[in-house]
file my_file20.cif (mmCIF, N, CA and C atoms)
data_input
#
loop_
_atom_site.label_atom_id
_atom_site.label_comp_id
_atom_site.auth_asym_id
_atom_site.auth_seq_id
_atom_site.Cartn_x
_atom_site.Cartn_y
_atom_site.Cartn_z
N GLY A 130 85.82 65.54 110.96
CA GLY A 130 86.25 66.89 110.73
C GLY A 130 87.08 67.06 109.47
N LEU A 131 87.83 66.02 109.08
CA LEU A 131 88.75 66.16 107.94
C LEU A 131 88.00 66.45 106.64
N ILE A 132 86.92 65.72 106.41
CA ILE A 132 86.16 65.91 105.17
C ILE A 132 85.60 67.34 105.12
N HIS A 133 85.04 67.79 106.25
CA HIS A 133 84.48 69.14 106.29
C HIS A 133 85.56 70.19 106.00
N ARG A 134 86.75 69.98 106.60
CA ARG A 134 87.83 70.93 106.40
C ARG A 134 88.25 70.96 104.94
N LYS A 135 88.31 69.78 104.31
CA LYS A 135 88.69 69.69 102.90
C LYS A 135 87.67 70.43 102.04
N GLU A 136 86.37 70.28 102.36
CA GLU A 136 85.33 70.98 101.60
C GLU A 136 85.48 72.49 101.75
N CYS A 137 85.79 72.94 102.96
CA CYS A 137 85.99 74.38 103.19
C CYS A 137 87.16 74.89 102.36
N LEU A 138 88.24 74.12 102.34
CA LEU A 138 89.41 74.53 101.57
C LEU A 138 89.07 74.57 100.08
N MET A 139 88.33 73.58 99.61
CA MET A 139 87.96 73.54 98.20
C MET A 139 87.08 74.74 97.85
N ALA A 140 86.14 75.05 98.74
CA ALA A 140 85.25 76.19 98.50
C ALA A 140 86.07 77.47 98.44
N ARG A 141 87.04 77.60 99.34
CA ARG A 141 87.85 78.81 99.38
C ARG A 141 88.70 78.92 98.11
N ILE A 142 89.30 77.82 97.70
CA ILE A 142 90.15 77.83 96.51
C ILE A 142 89.33 78.22 95.27
N SER A 143 88.11 77.75 95.19
CA SER A 143 87.29 78.03 94.02
C SER A 143 86.94 79.51 93.91
N LYS A 144 87.05 80.26 95.01
CA LYS A 144 86.74 81.69 94.99
C LYS A 144 87.91 82.50 94.43
N GLN A 145 89.09 81.91 94.42
CA GLN A 145 90.25 82.65 93.94
C GLN A 145 90.07 82.98 92.46
N LEU A 146 90.65 84.09 92.06
CA LEU A 146 90.49 84.53 90.68
C LEU A 146 91.51 83.87 89.77
N SER A 147 91.10 83.61 88.55
CA SER A 147 92.04 83.10 87.54
C SER A 147 92.93 84.26 87.09
N ASP A 148 94.01 83.94 86.39
CA ASP A 148 94.89 84.99 85.88
C ASP A 148 94.12 85.95 84.97
N GLU A 149 93.20 85.41 84.18
CA GLU A 149 92.39 86.24 83.29
C GLU A 149 91.52 87.21 84.09
N GLU A 150 90.89 86.68 85.15
CA GLU A 150 90.02 87.52 85.98
C GLU A 150 90.83 88.62 86.68
N ILE A 151 92.04 88.27 87.12
CA ILE A 151 92.90 89.26 87.77
C ILE A 151 93.23 90.39 86.79
N LYS A 152 93.59 90.02 85.55
CA LYS A 152 93.88 91.04 84.53
C LYS A 152 92.66 91.93 84.29
N GLU A 153 91.50 91.31 84.20
CA GLU A 153 90.26 92.06 83.93
C GLU A 153 89.96 93.05 85.06
N VAL A 154 90.15 92.62 86.30
CA VAL A 154 89.89 93.49 87.45
C VAL A 154 90.84 94.69 87.44
N ARG A 155 92.09 94.45 87.04
CA ARG A 155 93.07 95.54 87.02
C ARG A 155 92.81 96.53 85.89
N VAL A 156 92.33 96.01 84.75
CA VAL A 156 92.08 96.87 83.59
C VAL A 156 90.74 97.58 83.73
N ASN A 157 89.74 96.85 84.20
CA ASN A 157 88.38 97.37 84.26
C ASN A 157 87.76 97.03 85.62
N PRO A 158 88.23 97.71 86.69
CA PRO A 158 87.77 97.34 88.04
C PRO A 158 86.29 97.61 88.24
N PRO A 159 85.57 96.64 88.81
CA PRO A 159 84.15 96.86 89.09
C PRO A 159 83.97 97.91 90.18
N TYR A 160 82.83 98.53 90.21
CA TYR A 160 82.54 99.56 91.23
C TYR A 160 82.50 98.95 92.63
N LEU A 161 81.93 97.74 92.72
CA LEU A 161 81.85 97.01 93.99
C LEU A 161 82.70 95.76 93.86
N MET A 162 83.66 95.57 94.77
CA MET A 162 84.58 94.44 94.68
C MET A 162 84.53 93.57 95.93
N ASN A 163 84.64 92.25 95.73
CA ASN A 163 84.78 91.36 96.88
C ASN A 163 86.26 91.35 97.30
N THR A 164 86.56 90.60 98.34
CA THR A 164 87.93 90.55 98.88
C THR A 164 88.94 90.16 97.83
N PHE A 165 88.62 89.14 97.02
CA PHE A 165 89.55 88.62 96.02
C PHE A 165 89.79 89.64 94.91
N GLN A 166 88.71 90.29 94.47
CA GLN A 166 88.84 91.31 93.42
C GLN A 166 89.63 92.51 93.93
N ALA A 167 89.35 92.94 95.16
CA ALA A 167 90.03 94.10 95.73
C ALA A 167 91.53 93.83 95.86
N ALA A 168 91.88 92.62 96.31
CA ALA A 168 93.29 92.24 96.44
C ALA A 168 93.97 92.27 95.08
N ALA A 169 93.31 91.72 94.06
CA ALA A 169 93.88 91.71 92.71
C ALA A 169 94.03 93.14 92.18
N PHE A 170 93.03 93.97 92.42
CA PHE A 170 93.03 95.35 91.93
C PHE A 170 94.24 96.14 92.44
N VAL A 171 94.59 95.94 93.72
CA VAL A 171 95.71 96.70 94.30
C VAL A 171 97.01 95.90 94.36
N SER A 172 97.01 94.73 93.70
CA SER A 172 98.20 93.86 93.64
C SER A 172 98.72 93.48 95.02
N LYS A 173 97.78 93.10 95.90
CA LYS A 173 98.13 92.61 97.24
C LYS A 173 97.57 91.21 97.39
N SER A 174 98.07 90.49 98.40
CA SER A 174 97.54 89.15 98.66
C SER A 174 96.16 89.27 99.32
N VAL A 175 95.40 88.20 99.24
CA VAL A 175 94.09 88.15 99.88
C VAL A 175 94.28 88.29 101.40
N LYS A 176 95.36 87.72 101.91
CA LYS A 176 95.65 87.82 103.36
C LYS A 176 95.83 89.28 103.78
N VAL A 177 96.59 90.04 103.01
CA VAL A 177 96.80 91.47 103.30
C VAL A 177 95.46 92.21 103.23
N MET A 178 94.68 91.93 102.19
CA MET A 178 93.38 92.60 102.05
C MET A 178 92.49 92.31 103.25
N ARG A 179 92.48 91.05 103.72
CA ARG A 179 91.67 90.70 104.89
C ARG A 179 92.16 91.45 106.14
N GLU A 180 93.48 91.60 106.27
CA GLU A 180 94.03 92.36 107.40
C GLU A 180 93.59 93.82 107.32
N TRP A 181 93.66 94.39 106.13
CA TRP A 181 93.23 95.79 105.96
C TRP A 181 91.76 95.94 106.33
N MET A 182 90.94 94.95 105.95
CA MET A 182 89.51 95.02 106.21
C MET A 182 89.19 95.00 107.70
N GLN A 183 90.16 94.57 108.53
CA GLN A 183 89.98 94.59 109.98
C GLN A 183 90.21 95.99 110.54
N ASP A 184 90.89 96.85 109.79
CA ASP A 184 91.19 98.21 110.24
C ASP A 184 89.88 98.96 110.48
N LYS A 185 89.80 99.66 111.61
CA LYS A 185 88.53 100.34 111.96
C LYS A 185 88.14 101.42 110.95
N ASP A 186 89.12 101.96 110.24
CA ASP A 186 88.83 103.02 109.27
C ASP A 186 88.61 102.51 107.85
N PHE A 187 88.81 101.20 107.65
CA PHE A 187 88.67 100.66 106.29
C PHE A 187 87.19 100.68 105.88
N PRO A 188 86.88 101.12 104.65
CA PRO A 188 85.48 101.27 104.23
C PRO A 188 84.84 99.95 103.78
N VAL A 189 84.91 98.94 104.64
CA VAL A 189 84.39 97.61 104.27
C VAL A 189 82.87 97.58 104.37
N LEU A 190 82.26 96.87 103.44
CA LEU A 190 80.81 96.64 103.47
C LEU A 190 80.60 95.19 103.84
N ARG A 191 79.76 94.96 104.84
CA ARG A 191 79.51 93.59 105.30
C ARG A 191 78.05 93.23 105.08
N GLY A 192 77.83 91.94 104.83
CA GLY A 192 76.46 91.44 104.76
C GLY A 192 75.89 91.31 106.16
N ASN A 193 74.71 90.75 106.29
CA ASN A 193 74.04 90.68 107.58
C ASN A 193 74.59 89.60 108.51
N SER A 194 75.11 88.50 107.97
CA SER A 194 75.60 87.43 108.83
C SER A 194 77.11 87.59 109.04
N PRO A 195 77.62 87.07 110.17
CA PRO A 195 79.05 87.23 110.47
C PRO A 195 79.97 86.62 109.41
N ASN A 196 79.50 85.57 108.73
CA ASN A 196 80.33 84.90 107.73
C ASN A 196 80.07 85.39 106.31
N SER A 197 79.29 86.43 106.18
CA SER A 197 78.94 86.89 104.83
C SER A 197 80.15 87.52 104.14
N GLU A 198 80.08 87.54 102.85
CA GLU A 198 81.14 88.10 102.01
C GLU A 198 81.33 89.58 102.35
N LYS A 199 82.59 89.99 102.44
CA LYS A 199 82.90 91.40 102.64
C LYS A 199 83.20 92.01 101.28
N SER A 200 82.86 93.26 101.12
CA SER A 200 83.15 93.93 99.86
C SER A 200 83.53 95.38 100.12
N VAL A 201 84.00 96.04 99.09
CA VAL A 201 84.43 97.42 99.20
C VAL A 201 84.14 98.13 97.88
N LEU A 202 83.80 99.40 97.98
CA LEU A 202 83.60 100.21 96.78
C LEU A 202 84.96 100.65 96.26
N ARG A 203 85.15 100.53 94.96
CA ARG A 203 86.43 100.85 94.33
C ARG A 203 86.95 102.23 94.74
N ASP A 204 86.11 103.25 94.62
CA ASP A 204 86.56 104.62 94.89
C ASP A 204 86.93 104.81 96.36
N GLU A 205 86.21 104.14 97.26
CA GLU A 205 86.51 104.24 98.69
C GLU A 205 87.81 103.51 99.02
N LEU A 206 88.08 102.41 98.32
CA LEU A 206 89.34 101.69 98.52
C LEU A 206 90.52 102.57 98.09
N ILE A 207 90.40 103.20 96.93
CA ILE A 207 91.46 104.09 96.43
C ILE A 207 91.68 105.23 97.42
N ALA A 208 90.61 105.84 97.91
CA ALA A 208 90.71 106.95 98.85
C ALA A 208 91.37 106.50 100.16
N TRP A 209 90.96 105.33 100.67
CA TRP A 209 91.54 104.80 101.92
C TRP A 209 93.03 104.56 101.76
N MET A 210 93.42 103.99 100.61
CA MET A 210 94.83 103.69 100.39
C MET A 210 95.66 104.96 100.35
N SER A 211 95.18 105.98 99.65
CA SER A 211 95.97 107.22 99.58
C SER A 211 96.01 107.93 100.93
N ALA A 212 94.92 107.88 101.68
CA ALA A 212 94.87 108.51 103.00
C ALA A 212 95.79 107.81 104.00
N ASN A 213 96.03 106.51 103.78
CA ASN A 213 96.84 105.72 104.71
C ASN A 213 98.25 105.45 104.19
N GLY A 214 98.63 106.14 103.13
CA GLY A 214 99.99 106.00 102.59
C GLY A 214 100.30 104.61 102.08
N ARG A 215 99.28 103.89 101.61
CA ARG A 215 99.49 102.54 101.07
C ARG A 215 99.87 102.64 99.61
N SER A 216 100.83 101.82 99.22
CA SER A 216 101.22 101.84 97.81
C SER A 216 100.10 101.23 96.97
N PHE A 217 99.83 101.84 95.87
CA PHE A 217 98.76 101.38 94.98
C PHE A 217 99.41 100.73 93.77
N ARG A 218 99.39 99.38 93.76
CA ARG A 218 99.99 98.56 92.70
C ARG A 218 101.51 98.65 92.76
#
call {"tool": "encode", "arguments": {"input": "my_file20.cif", "output": "structure tokens"}}
result
Amino acid sequence: GLIHRKECLMARISKQLSDEEIKEVRVNPPYLMNTFQAAAFVSKSVKVMREWMQDKDFPVLRGNSPNSEKSVLRDELIAWMSANGRSFR
């Protein structure tokens, strides 16, 4: 189990954005963002973004499999945040 867990951790770490990518997302946010991009865009942790994505009203887009990447449309994220009184950046 240890080797598998280490591989999972490595895979997860590799998905994190570099400082350059974070700056780019904040300056020029893509229309469709994954969890990491969305967290960087609103200056929140990935953990907070994942918690928000559990909210029944959050406009999350899911792939077909349970483990698929979750994403959100930029404009819907902004609308959800303002509707829910969340600070934006």
call {"tool": "closest_residue", "arguments": {"input": "my_file20.cif", "among": "A:Leu190, A:Leu202, A:Leu146, A:Val177", "to": "Arg215 (chain A)", "atoms": "only C-alpha atoms"}}
result
A:Val177
call {"tool": "closest_residue", "arguments": {"input": "my_file20.cif", "among": "A:Gln183, A:Ser200, A:Asn193, A:Asn213", "to": "Ala168 (chain A)", "atoms": "only C-alpha atoms"}}
result
A:Ser200
call {"tool": "atom_distance", "arguments": {"input": "my_file20.cif", "atom1": "atom N of Arg155 (chain A)", "atom2": "atom N of Lys173 (chain A)"}}
result
10.6 Å
call {"tool": "closest_residue", "arguments": {"input": "my_file20.cif", "among": "A:Phe170, A:Phe165, A:Trp181, A:Phe187", "to": "Lys199 (chain A)", "atoms": "all atoms listed in the file"}}
result
A:Phe165
call {"tool": "atom_distance", "arguments": {"input": "my_file20.cif", "atom1": "CA of Lys176 (chain A)", "atom2": "CA of Gln145 (chain A)"}}
result
12.0 Å
call {"tool": "atom_distance", "arguments": {"input": "my_file20.cif", "atom1": "atom N of Ile207 (chain A)", "atom2": "atom N of Pro188 (chain A)"}}
result
8.7 Å
call {"tool": "closest_residue", "arguments": {"input": "my_file20.cif", "among": "A:Asp204, A:Val189, A:Lys144, A:Met182", "to": "Gln166 (chain A)", "atoms": "only C-alpha atoms"}}
result
A:Lys144
call {"tool": "closest_residue", "arguments": {"input": "my_file20.cif", "among": "A:Val201, A:Met162, A:Arg179, A:Ala169", "to": "Glu150 (chain A)", "atoms": "all atoms listed in the file"}}
result
A:Ala169
call {"tool": "select_by_dssp", "arguments": {"input": "my_file20.cif", "residues": "chain A", "states": "strand (DSSP E or B)", "output": "PyMOL selection string"}}
result
chain A and resi 161-163+189-191+199-202
call {"tool": "closest_residue", "arguments": {"input": "my_file20.cif", "among": "A:Met210, A:Leu161, A:Ile151, A:Val156", "to": "Asp184 (chain A)", "atoms": "only C-alpha atoms"}}
result
A:Met210
call {"tool": "select_by_dssp", "arguments": {"input": "my_file20.cif", "residues": "chain A", "states": "alpha helix (DSSP H)", "output": "count of residues only"}}
result
49
call {"tool": "residues_around", "arguments": {"input": "my_file20.cif", "residues": "Ser216 (chain A)", "least_positions_apart": "4", "cutoff": "8 Å", "atoms": "only N, CA and C atoms", "output": "list of chain:residue names"}}
result
A:Val171, A:Ser172, A:Met210, A:Ser211
call {"tool": "axis_aligned_box", "arguments": {"input": "my_file20.cif", "around": "region 172-178 of chain A", "padding_each_side": "4 Å", "output": "lines of an AutoDock Vina configuration file"}}
result
center_x = 95.6
center_y = 91.2
center_z = 98.7
size_x = 14.2
size_y = 15.0
size_z = 18.1
